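First comes the structure, then the notes that go with it.
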Amino acid sequence: MIDEIKLIQLLKEKKISGEQLAQIYKVSRVAVWKKIKKLKDLGYKIESDRHGYRIIQPPDKLLPQEIIPNLKTKFIGKNYLYFKEIDSTNIQAKRENYEDGTVIFAESQTAGKGRKNRKWQSHKGLGLYFSIVLKPEIEVNYLSHFSLLFNYSVFKVLKNYINGEIKIKWPNDIYLNGKKIAGFLIESSIENNSISKLIVGVGINVNQSIKDFEEDIKEVATSLKIEDGKTFSRKEIFLDILQQIEKDYLKFMKEKYLDIKKIEENLLWLNQDVMILEDGKPILSGKLIGLNEDGSLMLKTDKGLKFVYVGDLSIRNK
C-alpha cells in the first residue's frame with residue numbers, strides 16, 4: 001500500500017521513477033500510476049518524463065496531505081477533517097463526538113454563520129473557514145475569556161502578515177483598516193457548572209478581491225489581499241494560527257489567566273464614543289474605556305461606569 005503523505009514528500013524532494021516507487025512501496029507499476037493520477041486529480045502539478053515523476057507545485061487547497069505533515073502542534077489538528085464544501089464547519093463539529101483538538105476545515109460553506117445567525121460569506125478557496133473542537137473541563141465562569149483568547153491568538157498571527165491597522169472588535173471580530181476581516185462563533189456545552197466542550201468557529205478573509213463581496217457588505221468587509229495588494233499563502237497562515245491557538249490555549253488552561261490589558265491595548269474604538277445595540281437598536285452609549293478582568297466591556301456613561309457582557313458594539317456618530 002502506498003502511503004500518500006510520504007509519497008508527496010518524496011516527490012517534492014526529487015524526481016523518482018515509477019519503477020523505483022514500485023520497489024519502495026512493493027506494489028505494481030499500475031498501482032503507482034493510479035496514485036500519481038489521483039494526486040493530479042487533487043490538484044498537484046506533477047512533472048513526468050522517462051526519468052520519473054516530481055511534484056512541481058502543490059494545489060492551493062488545505063488538504064490533509066498538505067496540513068498534517070507540517071503541523072507543529074501537540075494535539076490541535078492531529079485529527080484533521082477536510083471538506084471541499086459543507087453547510088458549516090460548526091454544524092459538522094456538532095454532528096459527532098469528535099476528539100479533543102479536532103479541526104474541521106472547509107474550502108467553502110453554504111450556511112456559514114456568525115453571531116446571532118448572521119450569514120458569513122465563504123468564498124471557495126479564498127478564505128479560511130474552520131472549527132476547532134476543544135474539551136477544556138474548566139469552570140463555567142471562564143467562558144467569557146475564551147472569545148477574547150482565540151480572537152487575540154488570530155490577531156497576533158495576522159499582525160505578522162500585514163502592515164495595516166489591525167484591531168480587535170469586542171467581542172469576536174477582527175478589523176483591518178476599519179473593515180471586518182475575521183469573525184468568530186464560539187459555542188459551548190456546559191455540564192455540572194463546567195465547560196465540557198467548546199466549538200471555536202473561525203472565518204478569515206484572505207485572498208478575496210472586492211468583486212467577490214456582495215454589494216451590501218463591500219463597505220464593511222475586506223481581505224488581506226485587498227488591503228495589501230498581493231496573494232497570501234492560506235496554508236502558511238492556517239498553520240501559524242493553529243500553532244498560536246494551541247500555545248495560548250494551553251497556557252491559559254495551565255495558568256487560568258488571560259492578559260486582558262494586552263488585548264485592551266488593541267481594541268477597536270478604544271477611548272471613543274460608542275453604542276451598544278440590541279436587535280439593531282441602541283440600548284447604551286458612552287466612551288469605551290477598556291475591558292474588565294472578566295472580559296466584559298467598560299463604558300463611561302452619563303450615569304457612571306457600566307459593564308457590558310452582551311450586545312453589538314458600534315461607533316457613535318456625533
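Chain labels A, B, ... are given in the sequence in which chains occur in the C-alpha cells; within each chain residues are numbered consecutively from 1, and ligands are likewise numbered from 1 in the order shown.
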- Item | Shell around Asn90 of chain A at 12 Å using only C-alpha atoms, local window under 5 positions removed, as a ChimeraX atom specification | /A:95-96,98,102-106,109,111-114,129-133,184-188,198-203
Which residues of segment 167-194 of chain A sit at most 12 Å from segment 142-147 of chain A, using only C-alpha atoms? Give each one's shortest atom pair and distance in Å (one decimal place), in chain and ascending residue order, as a tab-separated table.
```
residue	atom	partner	partner_atom	distance
A:Ile168	CA	A:Ser147	CA	11.0
A:Lys169	CA	A:Ser147	CA	11.0
A:Trp170	CA	A:Ser147	CA	9.0
A:Pro171	CA	A:Ser147	CA	6.7
A:Asn172	CA	A:Ser147	CA	6.0
A:Asp173	CA	A:Ser147	CA	9.4
A:Ile174	CA	A:Ser147	CA	11.7
A:Gly183	CA	A:Ser147	CA	10.4
A:Phe184	CA	A:Ser147	CA	7.6
A:Leu185	CA	A:Ser147	CA	8.3
A:Ile186	CA	A:Ser147	CA	6.8
A:Glu187	CA	A:Ser147	CA	9.8
A:Ser188	CA	A:Leu143	CA	8.4
A:Ser189	CA	A:Leu143	CA	10.4
A:Ile190	CA	A:Leu143	CA	9.8
A:Asn193	CA	A:Tyr142	CA	10.7
A:Ser194	CA	A:Tyr142	CA	9.3
```
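Atom CA of Lys74 of chain A sits 21.0 Å away from atom CA of Leu258 of chain A.
Within 8 Å of Ile226 of chain A, once only C-alpha atoms are used and residues closer than 3 positions along the same chain are dropped, the contacting residues are Asn207, Gln208, Ser209, Ile210, Thr222, Ser223, Gly229 and Lys230 of chain A.
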- Message: Taking only segment 27-159 of chain A into account, list the residues labelled strand (DSSP E) by DSSP (computed from the backbone), as JSON, numbers by chain.
- Response: {"A": [45, 46, 47, 48, 49, 52, 53, 54, 55, 56, 57, 80, 81, 82, 83, 84, 85, 86, 103, 104, 105, 106, 107, 108, 109, 127, 128, 129, 130, 131, 132, 133, 134, 138, 139]}
- Task: Run DSSP on the backbone of this structure and report the residues of segment 9-225 of chain A it assigns to helix (DSSP H, G or I), as number ranges by chain.
- Result: A: 9-13, 18-25, 29-42, 64-70, 89-95, 115-117, 140-159, 210-212, 215-217, 224-225
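The environment of segment 162-165 of chain A within 10 Å, counting only C-alpha atoms and disregarding residues fewer than 3 places along the same chain, consists of A:Val157, A:Leu158, A:Lys159, A:Tyr175, A:Leu176, A:Asn177, A:Gly178, A:Lys179, A:Leu224, A:Lys225, A:Glu227, A:Asp228, A:Asn266, A:Leu268.
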- Item | Option closest in space to Leu39 of chain A, from A:Gly52, A:Pro58, A:Pro69, A:Gly280 [counting only C-alpha atoms] | A:Pro58
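Between atom CA of Lys156 of chain A and atom CA of Ser314 of chain A the separation is 23.0 Å.
The list of residues with at least one atom within 9 Å of Ile245 of chain A, based on only C-alpha atoms and without residues fewer than 4 positions apart in the same chain, reads Ile76, Leu149, Phe150, Tyr152, Ser153, Val154, Asp240, Ile241, Tyr249 and Leu250 of chain A.
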Let's have the selection written as a short mmCIF file (atom, residue, chain, number, x, y, z; two decimals), in the first residue's frame, with all heavy atoms.
```cif
data_model
loop_
_atom_site.label_atom_id
_atom_site.label_comp_id
_atom_site.auth_asym_id
_atom_site.auth_seq_id
_atom_site.Cartn_x
_atom_site.Cartn_y
_atom_site.Cartn_z
N ILE A 76 -3.81 19.86 18.66
CA ILE A 76 -4.76 20.54 17.78
C ILE A 76 -4.44 20.22 16.32
O ILE A 76 -3.32 20.41 15.86
CB ILE A 76 -4.75 22.07 18.02
CG1 ILE A 76 -5.46 22.38 19.34
CG2 ILE A 76 -5.41 22.82 16.87
CD1 ILE A 76 -5.56 23.85 19.68
N LEU A 149 -9.63 35.12 24.00
CA LEU A 149 -8.42 34.32 23.86
C LEU A 149 -8.17 33.94 22.40
O LEU A 149 -7.08 34.17 21.85
CB LEU A 149 -8.52 33.06 24.72
CG LEU A 149 -7.43 31.99 24.52
CD1 LEU A 149 -6.12 32.48 25.10
CD2 LEU A 149 -7.84 30.68 25.16
N PHE A 150 -9.18 33.35 21.76
CA PHE A 150 -8.99 32.89 20.38
C PHE A 150 -8.89 34.07 19.41
O PHE A 150 -8.13 34.03 18.44
CB PHE A 150 -10.13 31.95 19.98
CG PHE A 150 -10.23 30.73 20.86
CD1 PHE A 150 -11.37 30.47 21.60
CD2 PHE A 150 -9.15 29.87 20.98
CE1 PHE A 150 -11.44 29.36 22.43
CE2 PHE A 150 -9.21 28.76 21.81
CZ PHE A 150 -10.37 28.50 22.53
N TYR A 152 -7.60 36.96 20.11
CA TYR A 152 -6.25 37.53 20.28
C TYR A 152 -5.19 36.66 19.61
O TYR A 152 -4.22 37.16 19.03
CB TYR A 152 -5.95 37.72 21.76
CG TYR A 152 -4.70 38.51 22.06
CD1 TYR A 152 -4.40 39.69 21.38
CD2 TYR A 152 -3.80 38.08 23.04
CE1 TYR A 152 -3.25 40.43 21.65
CE2 TYR A 152 -2.65 38.81 23.32
CZ TYR A 152 -2.38 39.98 22.63
OH TYR A 152 -1.23 40.69 22.90
N SER A 153 -5.37 35.34 19.67
CA SER A 153 -4.42 34.43 19.01
C SER A 153 -4.36 34.70 17.51
O SER A 153 -3.28 34.82 16.92
CB SER A 153 -4.82 32.97 19.25
OG SER A 153 -4.73 32.63 20.60
N VAL A 154 -5.53 34.79 16.89
CA VAL A 154 -5.59 35.03 15.44
C VAL A 154 -5.08 36.44 15.12
O VAL A 154 -4.36 36.64 14.14
CB VAL A 154 -7.03 34.83 14.93
CG1 VAL A 154 -7.14 35.24 13.45
CG2 VAL A 154 -7.45 33.37 15.11
N ASP A 240 0.17 28.64 11.10
CA ASP A 240 0.58 29.57 12.16
C ASP A 240 -0.55 29.78 13.17
O ASP A 240 -0.31 29.86 14.38
CB ASP A 240 0.99 30.91 11.56
CG ASP A 240 2.38 30.88 10.94
OD1 ASP A 240 3.09 29.87 11.10
OD2 ASP A 240 2.77 31.88 10.29
N ILE A 241 -1.77 29.90 12.66
CA ILE A 241 -2.92 30.14 13.55
C ILE A 241 -3.16 28.95 14.47
O ILE A 241 -3.37 29.11 15.68
CB ILE A 241 -4.18 30.47 12.73
CG1 ILE A 241 -4.08 31.90 12.19
CG2 ILE A 241 -5.45 30.31 13.57
CD1 ILE A 241 -5.18 32.28 11.21
N TYR A 249 -3.94 28.62 24.26
CA TYR A 249 -4.96 27.83 24.96
C TYR A 249 -4.34 27.01 26.09
O TYR A 249 -4.84 27.01 27.22
CB TYR A 249 -5.66 26.91 23.96
CG TYR A 249 -6.63 25.91 24.57
CD1 TYR A 249 -7.88 26.32 25.03
CD2 TYR A 249 -6.30 24.56 24.66
CE1 TYR A 249 -8.77 25.40 25.58
CE2 TYR A 249 -7.18 23.64 25.20
CZ TYR A 249 -8.42 24.07 25.66
OH TYR A 249 -9.28 23.15 26.20
N LEU A 250 -3.23 26.33 25.81
CA LEU A 250 -2.58 25.51 26.84
C LEU A 250 -2.04 26.38 27.98
O LEU A 250 -2.10 25.99 29.15
CB LEU A 250 -1.45 24.68 26.23
CG LEU A 250 -1.89 23.54 25.29
CD1 LEU A 250 -0.68 22.85 24.67
CD2 LEU A 250 -2.77 22.53 26.03
#
```
